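K.L.:
Okay, handing you the structure first.
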Amino acid sequence: MIETQLHDDVLEIVMINPPVNALGEGVRTGLDEAITGALEDDAVKAIVIRGSGRLFSGGADITEFSKPPSGPSLPAIIDAIEASSKPVVAAIHGMALGGGLEVALGSHYRVATPKAKLGLPEVTLGILPGAGGTQRLPRLVGVEAALDIITSGTPITGAEAAELGLVDKLSAEETLVEDVIAFARTLDAPRRTGDRSISADPAVFTKFEADNARRFKDLEAPRACIEAIKAAVEMPLDAGQEKERALFMQLVKGDQSKALRHVFFAERAAAKIDGLPKDTQLRPVTKVGVIGAGTMGGGISMNFLSAGIPVTIVEMAQEALDRGTDIIRKNYEATAAKGRLTAEAVERAMNLLSPTLDFDVLKDCDLIIEAVYENMDVKKEIFARLDSIAKPGAMLASNTSFLSIDEIASVTKRPQDVLGLHFFSPANVMKLVEVVRGAKTAPDVLATGMDIARKIGKVPVVAGVCYGFIGNRMLIPRQTNANALLLEGATPEQIDRVHTGFGMAMGPFQMNDLAGVDIGWHRDANRIETLQDALCAEGRWGQKKQAGFYDYDDKRRPTPSPVVDRIIEDFRAQAGITSRTISDEEITVRTFYTMVNEGAKILEEGIAQRASDIDVVWTYGYGWPRHTGGPMFWADQIGLATVVDALKRYEDRLGEGVTLSPLLLARAAEGKPLDR
Ligand code: 3HC
């Protein structure tokens, strides 16, 4: 786990723990022994610490957080490094994250490659840097920069770190080790960050917290980070570290951190496809075709263009093609205007785009994604046409959000090459892609679908074929109950408030308005079967019409609508329902627990490979609050027996087709979780 090599009078200590050199017990023990040995060895004048393979270190071993502590503690080792009477230099390449960066902060000097990533991402795991990071970083870079780095968790580059004074010298990756050894040889005394003291106006902290109140919202970790950084200003190192440790211990045991760590591992588990050999050969994807230049087609294209993959986008009419191309350019330019993209990058992306009306041009694409509207006949027609055009081995994907990939594939002579790639709106922003595995989808097609999704920066999850796959299928019982609750006496505001209060990005009716109330509408103003039909019949199609379940002003700010109240009352009268007071608890059970119930069905039917995949779908695709871990983890935390009891209490009201999942009932009875 640790290798050492003496270069004349400089000892090189190498951390070896693939794939990310996590600072697990083995590495810590090795580091501890190597430092102690170096201090005792007169032949050693200076020490260099580096990581093997592609990075310095990805930080503490996160899997150890849920186990009892053993071996030497990381803070103690880092204190020993700082206390060393011989100069210690950290040589950083690849990444130095979390505890990894804290090792470097305890070192007396830091040399990094310009592109290395240095960061303290602990906050994203619901904890704070617990090995001196909150105490040493502000001493080096100042309170304001430290507040940004620690509460955002976003890494900075070696070059940026050099500007901030976090890194002393930059060096090319090829010569890093020899440069650092030579540099270490020139040093004659340690230089301890912990000895420095810093000052800051206390108002800086209150202002920072107030400025970020919305971002931090219900999160415990960012506030604890601020408190710890405050201690760095107010106290000497050891007292500050004690404070940091206490906050760390409190957070690591808390529900938010457990949930966030669950999501971290869930995201990585989702990448694994059951029953697929690890060495499955991927198909090359160097050119992509997209059919449909609407909102989805345009957004999907942008992902590939941004990743440097050429896209041919096909439309039926010149006007639609031009409009779609224009929107892509405008989206890029808006990002550039915010300073997040250079003008050259915009042109580079746009140059990779080939808009055309000629379907036949798709013949040299390796992957073709259909992104036209939801209509089985239209999709079948397109796939039959693709079958006659696409080159052998090309992958044919549909972006359908509900329809059967098997039925779509059945019109081709190559169902093994067909899969679903379900992106979420806005497709250039949302991270989730459901990779839908049809009954005949070939293993290498599925594996390539997962791989290409990751290459364009997405978080892919495998889903089986069913109406709505994982995410949208769970919306069905939620919407059924949300609609029924309106008729029984709740208001859209009350239901949405329960959802946003829980931490959802938006509630069911806000989502209806954003997506378009008219989605899936039969377009017959005289046929009114649902509330949504009634709204559409009155032109209330959602935000785009400034009227849906809410009225919207020019800035898209919603207010409750008396028209909607009237529509609901009419419905109520027709159905002979007397309005009653609806409790928030009932809303929670009928709109959240029914989703958990549907998730359990998705699991028992094998539509999702594992419960945690469902959590990834909801946290990355639907704005489910990450710090609750996703619907399945959340239900496990509540206890499935409690969930089942509550569902049974409302069983007669859950709506047509909503029956309790046998898997949920069984796990609840056994006292076992859904995620295992
Ligand atoms: N501990 C344990 N396992 C880790 C780990 C860590 N810190 N970092 C990564 N892994 C595991 C992953 O789970 C994955 O395992 P798998 O192959 O079994 O699924 C494997 O290492 C490879 O990880 P990735 O697929 O994420 O590899 P990438 O190359 O895509 O990304 C990375 C590398 C950016 C380092 C990314 O793994 C990452 O963000 N890791 C977590 C970084 C982090 O949050 N560090 C802080 C830890 S907490 C801490 O240090 C506390 C301290 O203050 C006391």
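If you're wondering about the labels, chains in the structure tokens are A, B, ... by order shown, residues count from 1 in each chain, ligands from 1 in order shown.
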At a cut-off of 9 Å around ligand 1, and using only C-alpha atoms and all ligand atoms, what residues come up? Please write them as a compact mmCIF listing (two decimals) with C-alpha atoms, in the first residue's frame.

P.N.:
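Heads up, here's the output in result-v4.txt:
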# COMPACT_ATOMS: atom_id res chain seq x y z
CA PRO A 18 -5.94 1.46 -6.85
CA PRO A 19 -8.14 2.73 -8.32
CA VAL A 20 -8.08 6.07 -6.43
CA ASN A 21 -5.46 5.63 -3.67
CA ALA A 22 -8.15 5.97 -1.04
CA LEU A 23 -6.60 6.48 2.38
CA GLY A 24 -7.89 3.26 3.90
CA ARG A 54 -3.34 8.26 -12.30
CA LEU A 55 -3.72 10.41 -9.19
CA SER A 57 -5.42 10.44 -3.81
CA GLY A 58 -9.23 10.45 -3.90
CA GLY A 59 -9.39 10.93 -0.13
CA ALA A 60 -10.49 8.91 2.86
CA ASP A 61 -11.97 5.48 2.18
CA ILE A 62 -15.68 6.28 2.25
CA THR A 63 -16.62 2.65 2.89
CA GLU A 64 -14.90 2.88 6.30
CA PHE A 65 -17.30 5.58 7.54
CA LEU A 74 -5.84 10.30 9.33
CA PRO A 75 -5.81 13.55 11.34
CA MET A 95 -6.36 14.52 -8.28
CA ALA A 96 -5.91 15.38 -4.64
CA LEU A 97 -9.37 15.26 -3.12
CA GLY A 98 -10.70 15.30 0.42
CA GLY A 99 -8.29 13.54 2.76
CA GLY A 100 -5.85 13.43 -0.17
CA LEU A 101 -5.69 17.21 -0.27
CA GLU A 102 -5.54 17.27 3.52
CA LYS A 117 -7.64 18.78 -9.60
CA GLY A 119 -10.60 19.90 -3.91
CA LEU A 120 -12.46 19.11 -0.74
CA PRO A 121 -15.63 17.37 -1.96
CA GLU A 122 -16.66 16.14 1.51
CA VAL A 123 -19.69 18.44 1.56
CA THR A 124 -21.18 16.47 -1.33
CA LEU A 125 -21.09 13.43 0.96
CA ILE A 127 -19.67 15.72 5.84
CA LEU A 128 -16.82 18.21 6.14
CA PRO A 129 -13.09 17.84 5.67
CA GLY A 130 -12.26 16.06 8.90
CA ALA A 131 -8.48 15.83 8.79
CA GLY A 132 -7.56 19.47 9.21
CA GLY A 133 -8.81 20.73 5.86
CA THR A 134 -11.15 23.32 7.32
CA GLY A 153 -16.89 20.85 -2.94
CA PHE A 248 -17.34 15.69 11.44
CA PHE A 264 -22.43 8.22 -4.32
CA PHE A 265 -22.22 4.42 -4.36
CA ALA A 266 -25.63 4.03 -6.04
CA GLU A 267 -24.43 6.11 -8.98
CA ARG A 268 -21.41 3.88 -9.39
CA ALA A 269 -23.40 0.66 -8.92
CA ALA A 270 -25.83 1.80 -11.62
CA ALA A 271 -22.98 1.65 -14.13
CA LYS A 272 -22.75 -2.10 -13.62

K.L.:
Would you mind listing what lies within 9 Å of segment 576-580 of chain A as a PDB file with all heavy atoms, in the first residue's frame, with only C-alpha atoms counted and same-chain residues fewer than 2 positions away left out?

P.N.:
ATOM      1  N   LEU A 486     -57.073  16.533  -5.316  1.00  0.00           N
ATOM      2  CA  LEU A 486     -57.665  17.835  -5.668  1.00  0.00           C
ATOM      3  C   LEU A 486     -59.187  17.751  -5.602  1.00  0.00           C
ATOM      4  O   LEU A 486     -59.846  18.629  -5.060  1.00  0.00           O
ATOM      5  CB  LEU A 486     -57.257  18.265  -7.083  1.00  0.00           C
ATOM      6  CG  LEU A 486     -55.827  18.715  -7.324  1.00  0.00           C
ATOM      7  CD1 LEU A 486     -55.686  19.302  -8.726  1.00  0.00           C
ATOM      8  CD2 LEU A 486     -55.388  19.746  -6.290  1.00  0.00           C
ATOM      9  N   LEU A 487     -59.717  16.677  -6.135  1.00  0.00           N
ATOM     10  CA  LEU A 487     -61.175  16.528  -6.129  1.00  0.00           C
ATOM     11  C   LEU A 487     -61.698  16.331  -4.709  1.00  0.00           C
ATOM     12  O   LEU A 487     -62.789  16.760  -4.373  1.00  0.00           O
ATOM     13  CB  LEU A 487     -61.599  15.346  -6.996  1.00  0.00           C
ATOM     14  CG  LEU A 487     -61.235  15.453  -8.474  1.00  0.00           C
ATOM     15  CD1 LEU A 487     -61.859  14.325  -9.269  1.00  0.00           C
ATOM     16  CD2 LEU A 487     -61.697  16.788  -9.049  1.00  0.00           C
ATOM     17  N   GLU A 488     -60.907  15.700  -3.877  1.00  0.00           N
ATOM     18  CA  GLU A 488     -61.366  15.429  -2.510  1.00  0.00           C
ATOM     19  C   GLU A 488     -61.229  16.645  -1.592  1.00  0.00           C
ATOM     20  O   GLU A 488     -61.709  16.625  -0.474  1.00  0.00           O
ATOM     21  CB  GLU A 488     -60.596  14.235  -1.935  1.00  0.00           C
ATOM     22  CG  GLU A 488     -60.965  12.926  -2.629  1.00  0.00           C
ATOM     23  CD  GLU A 488     -60.003  11.795  -2.315  1.00  0.00           C
ATOM     24  OE1 GLU A 488     -59.575  11.698  -1.153  1.00  0.00           O
ATOM     25  OE2 GLU A 488     -59.658  11.029  -3.233  1.00  0.00           O
ATOM     26  N   GLY A 489     -60.534  17.670  -2.064  1.00  0.00           N
ATOM     27  CA  GLY A 489     -60.508  18.874  -1.237  1.00  0.00           C
ATOM     28  C   GLY A 489     -59.165  19.587  -1.139  1.00  0.00           C
ATOM     29  O   GLY A 489     -59.085  20.689  -0.600  1.00  0.00           O
ATOM     30  N   ALA A 490     -58.082  18.979  -1.653  1.00  0.00           N
ATOM     31  CA  ALA A 490     -56.778  19.665  -1.587  1.00  0.00           C
ATOM     32  C   ALA A 490     -56.681  20.686  -2.723  1.00  0.00           C
ATOM     33  O   ALA A 490     -57.488  20.669  -3.650  1.00  0.00           O
ATOM     34  CB  ALA A 490     -55.648  18.650  -1.708  1.00  0.00           C
ATOM     35  N   GLU A 569     -64.035  22.504  -8.817  1.00  0.00           N
ATOM     36  CA  GLU A 569     -65.363  22.425  -8.184  1.00  0.00           C
ATOM     37  C   GLU A 569     -66.403  21.788  -9.111  1.00  0.00           C
ATOM     38  O   GLU A 569     -67.216  20.966  -8.680  1.00  0.00           O
ATOM     39  CB  GLU A 569     -65.828  23.818  -7.759  1.00  0.00           C
ATOM     40  CG  GLU A 569     -65.583  24.052  -6.284  1.00  0.00           C
ATOM     41  CD  GLU A 569     -65.612  25.524  -5.936  1.00  0.00           C
ATOM     42  OE1 GLU A 569     -66.472  26.237  -6.480  1.00  0.00           O
ATOM     43  OE2 GLU A 569     -64.742  25.949  -5.137  1.00  0.00           O
ATOM     44  N   PHE A 571     -65.840  19.618 -11.399  1.00  0.00           N
ATOM     45  CA  PHE A 571     -65.535  18.179 -11.418  1.00  0.00           C
ATOM     46  C   PHE A 571     -66.089  17.484 -10.182  1.00  0.00           C
ATOM     47  O   PHE A 571     -66.668  16.415 -10.252  1.00  0.00           O
ATOM     48  CB  PHE A 571     -64.014  17.992 -11.454  1.00  0.00           C
ATOM     49  CG  PHE A 571     -63.549  17.417 -12.740  1.00  0.00           C
ATOM     50  CD1 PHE A 571     -63.332  18.244 -13.823  1.00  0.00           C
ATOM     51  CD2 PHE A 571     -63.340  16.054 -12.875  1.00  0.00           C
ATOM     52  CE1 PHE A 571     -62.897  17.708 -15.022  1.00  0.00           C
ATOM     53  CE2 PHE A 571     -62.913  15.523 -14.067  1.00  0.00           C
ATOM     54  CZ  PHE A 571     -62.684  16.347 -15.156  1.00  0.00           C
ATOM     55  N   ARG A 572     -65.842  18.144  -9.046  1.00  0.00           N
ATOM     56  CA  ARG A 572     -66.293  17.620  -7.764  1.00  0.00           C
ATOM     57  C   ARG A 572     -67.811  17.412  -7.783  1.00  0.00           C
ATOM     58  O   ARG A 572     -68.322  16.353  -7.437  1.00  0.00           O
ATOM     59  CB  ARG A 572     -65.969  18.658  -6.697  1.00  0.00           C
ATOM     60  CG  ARG A 572     -65.247  18.101  -5.523  1.00  0.00           C
ATOM     61  CD  ARG A 572     -64.893  19.216  -4.582  1.00  0.00           C
ATOM     62  NE  ARG A 572     -63.455  19.399  -4.509  1.00  0.00           N
ATOM     63  CZ  ARG A 572     -62.868  20.547  -4.190  1.00  0.00           C
ATOM     64  NH1 ARG A 572     -63.588  21.631  -3.953  1.00  0.00           N
ATOM     65  NH2 ARG A 572     -61.552  20.606  -4.125  1.00  0.00           N
ATOM     66  N   ALA A 573     -68.504  18.459  -8.260  1.00  0.00           N
ATOM     67  CA  ALA A 573     -69.965  18.416  -8.282  1.00  0.00           C
ATOM     68  C   ALA A 573     -70.441  17.251  -9.155  1.00  0.00           C
ATOM     69  O   ALA A 573     -71.303  16.469  -8.756  1.00  0.00           O
ATOM     70  CB  ALA A 573     -70.502  19.743  -8.802  1.00  0.00           C
ATOM     71  N   GLN A 574     -69.805  17.136 -10.329  1.00  0.00           N
ATOM     72  CA  GLN A 574     -70.200  16.055 -11.247  1.00  0.00           C
ATOM     73  C   GLN A 574     -69.997  14.685 -10.637  1.00  0.00           C
ATOM     74  O   GLN A 574     -70.796  13.773 -10.821  1.00  0.00           O
ATOM     75  CB  GLN A 574     -69.366  16.143 -12.515  1.00  0.00           C
ATOM     76  CG  GLN A 574     -70.062  16.928 -13.602  1.00  0.00           C
ATOM     77  CD  GLN A 574     -69.139  17.087 -14.798  1.00  0.00           C
ATOM     78  OE1 GLN A 574     -68.224  16.297 -14.982  1.00  0.00           O
ATOM     79  NE2 GLN A 574     -69.392  18.116 -15.575  1.00  0.00           N
ATOM     80  N   ILE A 582     -57.872  17.997   3.739  1.00  0.00           N
ATOM     81  CA  ILE A 582     -56.878  16.952   3.471  1.00  0.00           C
ATOM     82  C   ILE A 582     -55.621  17.277   4.281  1.00  0.00           C
ATOM     83  O   ILE A 582     -55.125  18.403   4.233  1.00  0.00           O
ATOM     84  CB  ILE A 582     -56.500  16.936   1.971  1.00  0.00           C
ATOM     85  CG1 ILE A 582     -57.741  16.827   1.074  1.00  0.00           C
ATOM     86  CG2 ILE A 582     -55.468  15.857   1.683  1.00  0.00           C
ATOM     87  CD1 ILE A 582     -58.318  15.466   0.889  1.00  0.00           C
TER      88      ILE A 582
END

K.L.:
For Val435 of chain A, which of A:Asp451, A:Glu163, A:Asp565, A:Glu82 is the closest residue, counting only C-alpha atoms?

P.N.:
A:Asp451

K.L.:
As number ranges by chain, which residues of segment 382-599 of chain A does DSSP assign to alpha helix (DSSP H)?

P.N.:
A: 382-389, 405-409, 443-455, 471-488, 492-502, 508-515, 531-537, 562-575, 584-588, 594-599

K.L.:
Between atom CA of Pro114 of chain A and atom CA of Ala162 of chain A, what is the distance, to one decimal in Å?

P.N.:
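Computing it gives 8.4 Å between the two atoms.
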